[in-house]
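Undergrad: My structure file model39.txt, compact mmCIF, C-alpha atoms, is below:
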```txt
# COMPACT_ATOMS: atom_id res chain seq x y z
CA MET S 148 110.24 72.90 -1.01
CA LYS S 149 109.03 75.44 1.57
CA LYS S 150 111.74 76.70 3.86
CA LYS S 151 111.17 75.70 7.43
CA ARG S 152 110.95 78.48 9.93
CA PHE S 153 111.87 78.26 13.57
CA TYR S 154 108.73 80.10 14.60
CA ASN S 155 105.62 81.36 12.96
CA ASN S 156 103.75 84.66 13.32
CA LYS S 157 101.16 83.14 15.62
CA LYS S 158 103.76 82.21 18.18
CA ARG S 159 106.01 85.21 17.70
CA GLY S 160 107.68 86.09 20.93
CA GLN S 161 106.93 82.69 22.41
CA LYS S 162 109.31 80.42 20.59
CA TRP S 163 112.93 81.27 19.97
CA THR S 164 115.82 79.59 18.26
CA GLU S 165 117.75 79.47 21.49
CA GLU S 166 116.87 79.44 25.15
CA VAL S 167 116.55 82.81 26.97
CA ARG S 168 119.27 83.22 29.56
CA GLY S 169 120.32 85.84 32.11
CA ARG S 170 118.16 88.81 33.17
CA LYS S 171 116.49 91.60 31.36
CA ILE S 172 118.75 94.64 30.90
CA ASN S 173 117.11 98.04 30.91
CA PHE S 174 120.08 100.37 31.30
CA ALA S 175 123.18 101.48 29.41
CA ASP S 176 125.44 98.86 27.77
CA LYS S 177 128.50 100.04 29.64
CA TYR S 178 126.98 98.83 32.90
CA ILE S 179 126.37 95.24 31.71
CA ASP S 180 129.73 94.10 32.98
CA ASP S 181 130.99 95.97 36.00
CA GLY S 182 134.14 97.97 35.15
CA SER S 183 134.15 97.22 31.42
CA GLY S 184 132.21 100.26 30.25
CA SER S 185 133.18 103.84 29.69
CA ASN S 186 131.46 107.16 30.47
CA LYS S 187 133.39 108.96 27.77
CA PHE S 188 130.28 109.97 25.83
CA ASP S 189 127.88 110.51 28.73
CA ASN S 190 127.82 114.25 28.17
CA LYS S 191 126.52 113.68 24.64
CA ARG S 192 123.60 111.61 25.75
CA PRO S 193 120.23 113.43 25.62
CA THR S 194 118.99 114.54 29.04
CA VAL S 195 115.47 113.69 30.02
CA LYS S 196 113.64 116.47 31.90
CA LYS S 197 111.85 115.18 34.93
CA LEU S 198 108.35 116.48 35.58
CA VAL S 199 108.09 118.33 38.88
CA PHE S 200 104.34 118.01 39.33
CA THR S 201 103.47 114.47 38.48
CA ARG S 202 100.41 112.67 39.63
CA ASP S 203 102.40 110.80 42.28
CA ASN S 204 103.95 114.00 43.59
CA PHE S 205 100.57 115.72 43.68
CA GLU S 206 99.04 112.86 45.67
CA LYS S 207 101.93 112.90 48.15
CA LEU S 208 101.63 116.68 48.57
CA LEU S 209 97.87 116.43 49.05
CA LYS S 210 98.29 113.74 51.72
CA ARG S 211 100.84 115.85 53.61
CA LEU S 212 98.58 118.91 53.42
CA ILE S 213 95.64 116.95 54.78
CA ILE S 214 97.78 115.64 57.66
CA VAL S 215 98.96 119.18 58.54
CA VAL S 216 95.41 120.59 58.47
CA LEU S 217 94.08 117.76 60.65
CA SER S 218 96.95 118.23 63.11
CA LEU S 219 96.21 121.95 63.41
CA CYS S 220 92.52 121.23 63.94
CA ILE S 221 93.33 118.75 66.71
CA ILE S 222 95.69 121.22 68.43
CA CYS S 223 93.18 124.11 68.22
CA THR S 224 90.41 121.89 69.54
CA GLY S 225 92.63 120.82 72.44
CA TYR S 226 93.43 124.40 73.37
CA ALA S 227 89.76 125.38 73.16
CA VAL S 228 88.71 122.49 75.41
CA MET S 229 91.50 123.32 77.89
CA ASP S 230 90.48 127.00 77.95
CA VAL S 231 86.88 126.06 78.75
CA HIS S 232 88.11 123.67 81.45
CA ILE S 233 90.27 126.38 83.05
CA GLN S 234 87.41 128.89 83.02
CA LEU S 235 84.98 126.41 84.55
CA ASN S 236 87.45 125.42 87.26
CA SER S 237 89.14 128.78 87.81
CA MET S 238 89.23 130.64 91.11
CA PRO S 239 86.07 132.71 91.74
CA ASP S 240 86.32 136.47 91.16
CA ASP S 241 85.97 137.32 94.82
CA LEU S 242 88.88 135.05 95.74
CA GLU S 243 90.98 136.47 92.91
CA ALA S 244 90.22 139.96 94.19
CA GLU S 245 91.22 138.85 97.68
CA ASN S 246 94.55 137.55 96.34
CA ASP S 247 95.12 140.83 94.51
CA LEU S 248 94.82 142.58 97.88
CA ALA S 249 96.91 139.95 99.66
CA SER S 250 99.61 142.40 100.73
CA ILE S 251 97.60 145.62 100.94
CA ASN S 252 98.39 146.01 104.64
CA ASN S 253 102.07 146.46 103.70
CA ILE S 254 101.39 149.12 101.05
CA GLU S 255 101.97 152.76 101.88
CA LEU S 256 98.75 154.53 100.89
CA LYS S 257 98.22 158.22 100.26
CA ILE S 258 94.71 159.03 101.45
CA ASN S 259 93.32 162.54 101.13
CA GLY S 260 89.66 162.13 101.89
CA VAL S 261 86.58 163.86 103.12
CA SER S 262 83.90 162.45 105.38
CA ILE S 263 80.49 161.84 103.81
CA VAL S 264 77.13 161.17 105.40
CA PRO S 265 76.15 157.47 105.20
CA LEU S 266 72.68 158.50 103.99
CA SER S 267 74.33 159.74 100.77
CA MET S 268 75.38 156.13 100.05
CA ASP S 269 72.13 155.46 98.19
CA GLY S 270 73.70 154.14 95.00
CA GLY S 271 71.85 156.82 93.05
CA VAL S 272 71.37 160.58 92.77
CA MET S 273 72.77 161.55 96.18
CA LEU S 274 75.90 159.49 95.60
CA GLU S 275 76.43 161.03 92.15
CA THR S 276 76.36 164.48 93.73
CA VAL S 277 78.97 163.39 96.27
CA ILE S 278 81.22 161.95 93.55
CA ASP S 279 81.01 165.19 91.55
CA GLU S 280 81.98 167.20 94.62
CA LEU S 281 84.90 164.89 95.42
CA SER S 282 86.15 165.14 91.85
CA HIS S 283 85.80 168.93 91.80
CA ASN S 284 87.79 169.34 95.03
CA LYS S 285 90.35 166.67 93.99
CA TYR S 286 89.75 164.25 96.86
CA SER S 287 90.88 160.67 96.25
CA SER S 288 88.82 159.04 99.01
CA ALA S 289 85.34 159.04 100.50
CA VAL S 290 85.21 158.22 104.22
CA PHE S 291 81.97 157.00 105.76
CA ASP S 292 81.05 155.69 109.22
CA LEU S 293 80.10 152.04 109.68
CA LYS S 294 79.92 152.23 113.48
CA ARG S 295 79.45 155.70 114.93
CA SER S 296 80.80 157.00 118.24
CA ASP S 297 77.39 156.55 119.87
CA GLY S 298 77.35 152.88 118.88
CA THR S 299 74.79 153.13 116.08
CA ILE S 300 75.34 151.26 112.81
CA SER S 301 74.99 153.22 109.57
CA TYR S 302 74.07 150.43 107.14
CA LEU S 303 71.50 147.67 106.82
CA SER S 304 73.36 144.79 108.45
CA ASN S 305 72.63 141.07 108.31
CA LEU S 306 74.43 140.40 111.60
CA ALA S 307 72.22 138.85 114.28
CA THR S 308 73.97 140.78 117.07
CA ILE S 309 73.27 144.15 115.44
CA GLU S 310 69.65 143.20 114.91
CA THR S 311 69.38 142.03 118.52
CA TYR S 312 70.92 145.24 119.84
CA GLY S 313 68.69 147.36 117.57
CA ALA S 314 71.78 149.38 116.69
CA VAL S 315 70.90 150.36 113.09
CA SER S 316 70.12 154.07 112.75
CA SER S 317 69.74 156.29 109.65
CA PRO S 318 71.24 153.62 107.41
CA ALA S 319 72.62 154.00 103.90
CA GLY S 320 70.14 153.17 101.16
CA ASN S 321 72.42 150.80 99.28
CA MET S 322 75.88 150.52 100.83
CA GLU S 323 77.21 147.70 98.64
CA LYS S 324 76.18 149.29 95.34
CA SER S 325 77.54 152.66 96.50
CA ILE S 326 80.94 151.14 97.30
CA ARG S 327 81.04 149.58 93.85
CA THR S 328 80.07 152.90 92.22
CA LEU S 329 82.79 154.78 94.10
CA LYS S 330 85.43 152.35 92.83
CA GLU S 331 84.13 152.65 89.26
CA ASN S 332 84.63 156.42 89.53
CA ASP S 333 88.20 156.07 90.89
CA VAL S 334 87.22 157.04 94.41
CA LEU S 335 88.65 154.93 97.24
CA PRO S 336 85.93 153.90 99.74
CA VAL S 337 87.24 154.09 103.30
CA ALA S 338 85.15 152.77 106.21
CA ARG S 339 85.44 154.35 109.66
CA ILE S 340 84.74 152.38 112.84
CA CYS S 341 84.51 153.70 116.36
CA CYS S 342 85.71 150.61 118.19
CA TYR S 343 85.29 150.63 121.98
CA LYS S 344 83.21 153.75 122.60
CA ASP S 345 79.64 152.49 122.35
CA ASN S 346 76.36 153.49 124.04
CA ILE S 347 74.30 150.57 122.73
CA ALA S 348 76.15 147.22 122.82
CA PRO S 349 77.42 147.40 126.43
CA LEU S 350 73.86 147.91 127.69
CA ALA S 351 72.40 145.22 125.43
CA ASP S 352 75.16 142.70 126.22
CA PRO S 353 76.56 143.15 129.76
CA SER S 354 79.23 140.48 129.07
CA ALA S 355 80.81 142.84 126.49
CA ALA S 356 80.67 145.96 128.69
CA LEU S 357 83.50 147.70 130.49
CA TYR S 358 82.95 147.78 134.26
CA LYS S 359 84.29 149.93 137.06
CA GLY S 360 83.37 149.52 140.69
CA GLY S 361 80.89 146.76 139.94
CA SER S 362 78.84 148.78 137.44
CA VAL S 363 79.09 149.63 133.76
CA TYR S 364 81.66 152.38 133.35
CA ALA S 365 80.54 155.74 131.92
CA ASP S 366 82.78 158.74 131.30
CA GLU S 367 82.00 162.39 131.98
CA GLY S 368 79.89 162.53 128.84
CA SER S 369 77.88 159.46 129.95
CA ASN S 370 79.49 157.35 127.23
CA THR S 371 79.90 153.64 127.85
CA TYR S 372 82.60 151.36 126.41
CA LEU S 373 83.15 147.85 125.19
CA ASN S 374 85.63 145.74 127.13
CA PRO S 375 88.76 145.03 124.99
CA ASN S 376 89.33 141.80 126.96
CA SER S 377 85.83 140.50 126.16
CA ASP S 378 85.57 137.93 123.35
CA ASN S 379 82.03 139.09 122.62
CA ALA S 380 83.20 142.70 122.23
CA TYR S 381 86.04 141.71 119.89
CA CYS S 382 83.81 139.43 117.78
CA TYR S 383 81.28 142.26 117.46
CA ILE S 384 83.92 144.55 115.93
CA LYS S 385 85.40 141.76 113.81
CA ASP S 386 82.00 140.78 112.38
CA ILE S 387 81.37 144.38 111.28
CA VAL S 388 84.75 144.50 109.52
CA GLU S 389 84.14 141.16 107.78
CA GLU S 390 80.68 142.21 106.61
CA ALA S 391 82.16 145.41 105.13
CA VAL S 392 84.89 143.38 103.39
CA ASN S 393 82.19 141.30 101.71
CA MET S 394 80.65 144.56 100.47
CA GLY S 395 83.94 145.56 98.84
CA VAL S 396 85.73 147.65 101.50
CA SER S 397 89.43 147.02 102.05
CA ILE S 398 90.56 150.19 103.90
CA PHE S 399 89.40 150.72 107.51
CA VAL S 400 90.01 153.63 109.86
CA LEU S 401 89.84 152.56 113.52
CA ASP S 402 88.92 155.24 116.06
CA CYS S 403 88.47 154.98 119.85
CA CYS S 404 90.89 152.09 120.22
CA ASP S 405 92.16 153.42 123.57
CA LEU S 406 90.16 153.43 126.77
CA PRO S 407 89.92 156.64 128.86
CA GLU S 408 92.81 157.24 131.27
CA ALA S 409 90.37 157.18 134.17
CA VAL S 410 89.74 153.47 133.67
CA ASP S 411 91.72 151.33 136.13
CA GLY S 412 92.94 147.85 135.30
CA ASN S 413 95.02 146.01 132.76
CA TYR S 414 93.12 145.99 129.46
CA ASP S 415 94.33 144.79 126.07
CA ASP S 416 93.28 147.99 124.34
CA GLY S 417 95.07 150.17 121.78
CA PHE S 418 95.32 150.11 117.99
CA GLU S 419 98.29 147.71 117.84
CA ALA S 420 96.60 145.00 119.91
CA LEU S 421 93.27 145.24 118.07
CA SER S 422 94.77 145.42 114.56
CA LYS S 423 96.99 142.40 115.27
CA LYS S 424 93.94 140.31 116.19
CA LEU S 425 91.99 141.45 113.14
CA TYR S 426 94.86 140.73 110.76
CA ASN S 427 95.29 137.26 112.27
CA ASP S 428 91.59 136.41 111.90
CA ILE S 429 90.66 138.21 108.66
CA GLY S 430 93.97 138.14 106.80
CA SER S 431 96.19 140.65 105.02
CA GLY S 432 93.59 141.55 102.40
CA ILE S 433 92.63 144.60 104.45
CA LYS S 434 94.40 147.77 105.55
CA LEU S 435 93.81 149.04 109.09
CA ILE S 436 94.74 152.65 109.90
CA GLU S 437 94.73 154.35 113.29
CA GLU S 438 92.84 157.62 113.53
CA LYS S 439 94.10 160.68 115.38
CA GLN S 440 91.85 163.72 115.69
CA ILE S 441 93.03 167.29 115.19
CA THR S 442 91.11 170.55 115.42
CA VAL S 443 92.48 173.47 113.38
CA ASN S 444 91.24 176.76 114.80
CA SER S 445 93.01 179.21 112.48
CA LYS S 446 92.01 180.28 108.97
CA SER S 447 95.37 181.56 107.73
CA ALA S 448 97.62 179.18 105.84
CA LYS S 449 100.66 180.11 107.95
CA SER S 450 98.90 179.41 111.23
CA ILE S 451 97.37 176.20 109.88
CA THR S 452 100.81 174.96 108.85
CA LYS S 453 102.22 175.64 112.30
CA GLU S 454 99.31 173.95 114.05
CA LEU S 455 99.53 170.84 111.89
CA GLU S 456 103.29 170.54 112.17
CA GLU S 457 103.00 170.62 115.96
CA LYS S 458 100.36 167.91 116.06
CA THR S 459 101.26 165.57 113.20
CA GLU S 460 104.14 163.28 112.36
CA PRO S 461 104.36 162.94 108.54
CA ASN S 462 105.22 159.69 106.72
CA GLN S 463 103.27 157.49 109.13
CA GLY S 464 101.62 154.90 106.91
CA ASN S 465 99.39 153.44 109.64
CA VAL S 466 98.08 156.79 110.92
CA ILE S 467 95.39 159.05 109.46
CA TYR S 468 94.39 162.45 110.81
CA TYR S 469 90.72 163.31 111.20
CA ILE S 470 90.76 167.11 110.92
CA THR S 471 88.06 169.52 111.93
CA CYS S 472 88.78 172.94 110.46
CA LYS S 473 87.26 176.37 109.78
CA ASN S 474 88.45 176.70 106.19
CA GLU S 475 88.40 173.47 104.21
CA GLU S 476 90.11 174.84 101.09
CA SER S 477 93.06 176.43 102.92
CA THR S 478 93.51 173.43 105.20
CA LYS S 479 93.51 171.03 102.24
CA LYS S 480 96.22 173.05 100.46
CA VAL S 481 98.41 172.97 103.54
CA LEU S 482 97.86 169.25 104.07
CA ASP S 483 98.70 168.44 100.44
CA SER S 484 101.88 170.50 100.68
CA MET S 485 103.05 168.60 103.76
CA GLY S 486 103.84 165.49 101.72
CA ASN S 487 102.95 161.90 102.56
CA ILE S 488 100.30 162.50 105.21
CA ASN S 489 96.93 160.74 105.31
CA TYR S 490 94.00 162.89 106.31
CA ILE S 491 90.23 163.10 106.48
CA ILE S 492 88.54 166.49 106.52
CA ALA S 493 85.40 166.38 108.63
CA LYS S 494 82.21 167.83 107.20
```
Translate the structure described by the file into structure tokens.

TA:
Amino acid sequence: MKKKRFYNNKKRGQKWTEEVRGRKINFADKYIDDGSGSNKFDNKRPTVKKLVFTRDNFEKLLKRLIIVVLSLCIICTGYAVMDVHIQLNSMPDDLEAENDLASINNIELKINGVSIVPLSMDGGVMLETVIDELSHNKYSSAVFDLKRSDGTISYLSNLATIETYGAVSSPAGNMEKSIRTLKENDVLPVARICCYKDNIAPLADPSAALYKGGSVYADEGSNTYLNPNSDNAYCYIKDIVEEAVNMGVSIFVLDCCDLPEAVDGNYDDGFEALSKKLYNDIGSGIKLIEEKQITVNSKSAKSITKELEEKTEPNQGNVIYYITCKNEESTKKVLDSMGNINYIIAK
């Protein structure tokens, strides 16, 4: 008789002699019942070395690397877009330059300059010759007239009043380019304006003229003057300053700010009154300096020193001395030795 089996090979693993109970155990026997096992022989068990770079670890590392790279790309793109936005919406260069000069009127400047003919402001060969001469003689500034003592204007102006008066005479060839070239060669451009003494505007515009005895006042040299109390006269001076500022000038020497002593009446003349108005209307991006004229008759250094000490007051930041001399080299040495004194040597 064939012995009966509880299961055959076809159904191996499917039919058992007794019912399967509990849960599948896939760890050490000592942990089957909590607290009944022992770890006495744990140190004898073979240790299984874990693989550091498995497929799962590699995929995780790759994902993290991709996230980091994408984050950096997003940040760099954001900064690039912001930089373009700032450049497109930034303050224009001329306004930035104005802000850089915002407090120039409070700065103590050391100006040792020489006067140059406006015709030499051609932006070309003549100007290069002037720059070479300034550099050779160690002058830091070039001083040129905008409005001369006879009332003529030394540059090609776009102001309607100047055109109406016909005041332009022997103008510079290219004033704006010349000013830019001077700066590029470390030479400070200084503009000189004769304010109230004027033989053109008072006759062309009677409302801006200075009167005495019912007629336009003229001094012993037949020179006429603008009226400091006239709005038209003040606006005429202010417009010239503003036009020069737009050409790149920031330092202005004001001459003839005082009326002759022979003029009767209460006039708002003088450097302080005029400069206060100009600062209020134009702003502090300019420096206004009062001119005082000195004539040095001697050639010897000792005599020059004595003459200058009698006529000048050093360390005056708002005063510049326009000096006519016989010996430029000797006079310059004396002036430089006197310390913080601003001067212009007339040519």

Undergrad: Report, in Å to a single decimal, how far apart CA of Val363 (chain S) and CA of Ala391 (chain S) are.

TA: 29.1 Å

Undergrad: Measuring atom to atom with all atoms listed in the file, identify which of S:Val261, S:Ile488, S:Val334, S:Cys472 is nearest to Val396 (chain S).

TA: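 Distance minimum relative to Val396 (chain S) lands on S:Val334.
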
Undergrad: Could you check which of S:Thr299, S:Asn474, S:Asn489, S:Asn305 is closest to Ser317 (chain S), using all atoms listed in the file?

TA: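 Smallest distance to Ser317 (chain S) is found for S:Thr299.
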
Undergrad: (93.6, 147.2, 120.2) in this file's frame - what residues fall within 12 Å of it? Use all atoms listed in the file and give the answer as an MDAnalysis selection string.

TA: chainID S and resid 341:343 373:377 380:381 384:385 401:406 414:426 435:437

Undergrad: Which residues come within 12 Å of Pro318 (chain S), counting only C-alpha atoms, excluding same-chain residues fewer than 6 positions away, as a list of chain:residue names?

TA: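 After dropping sequence-adjacent residues, the list is S:Val264, S:Pro265, S:Leu266, S:Ser267, S:Met268, S:Asp269, S:Phe291, S:Asp292, S:Leu293, S:Lys294, S:Arg295, S:Thr299, S:Ile300, S:Ser301, S:Tyr302, S:Leu303, S:Ser304.
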
Undergrad: From the list S:Ile326, S:Val277, S:Val466, S:Leu306, which residue is nearest Glu390 (chain S) when using only C-alpha atoms?

TA: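 Looking only at the distances to Glu390 (chain S), the closest residue turns out to be S:Leu306.
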
Undergrad: One number please: CA of Glu389 (chain S) to CA of Asn370 (chain S), in Å, one decimal.

TA: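 Result for CA of Glu389 (chain S) versus CA of Asn370 (chain S): 25.7 Å, one decimal.
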
Undergrad: Restricting the calculation to all atoms listed in the file: of S:Asn259, S:Val315, S:Asn379, S:Gly298, which residue gets closest to Ala355 (chain S)?

TA: S:Asn379

Undergrad: Could you please determine the separation between CA of Ile258 (chain S) and CA of Ile467 (chain S) in Å, to one decimal place?

TA: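 That distance, rounded to one decimal, is 8.0 Å.
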
Undergrad: Hey, what's within 9 Å of Asn284 (chain S) if we count all atoms listed in the file and toss same-chain stuff fewer than 4 positions away? As JSON, numbers by chain, please?

TA: {"S": [279, 280, 476]}

Undergrad: Would you kindly return, as a list in words, each protein, DNA or RNA residue with an atom no farther than 8 Å from any atom of Ser477 (chain S), considering all atoms listed in the file and excluding same-chain residues fewer than 4 positions away?

TA: Lys446, Ser447, Ala448 and Val481 of chain S

Undergrad: Considering all atoms listed in the file, return as a list in words whatever protein or nucleic-acid residues lie within 8 Å of Ser262 (chain S), sequence-local ones (same chain, fewer than 5 positions apart) excluded.

TA: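 The residues satisfying every condition are Ala289, Val290, Phe291, Ile491, Ile492, Ala493 and Lys494 of chain S.
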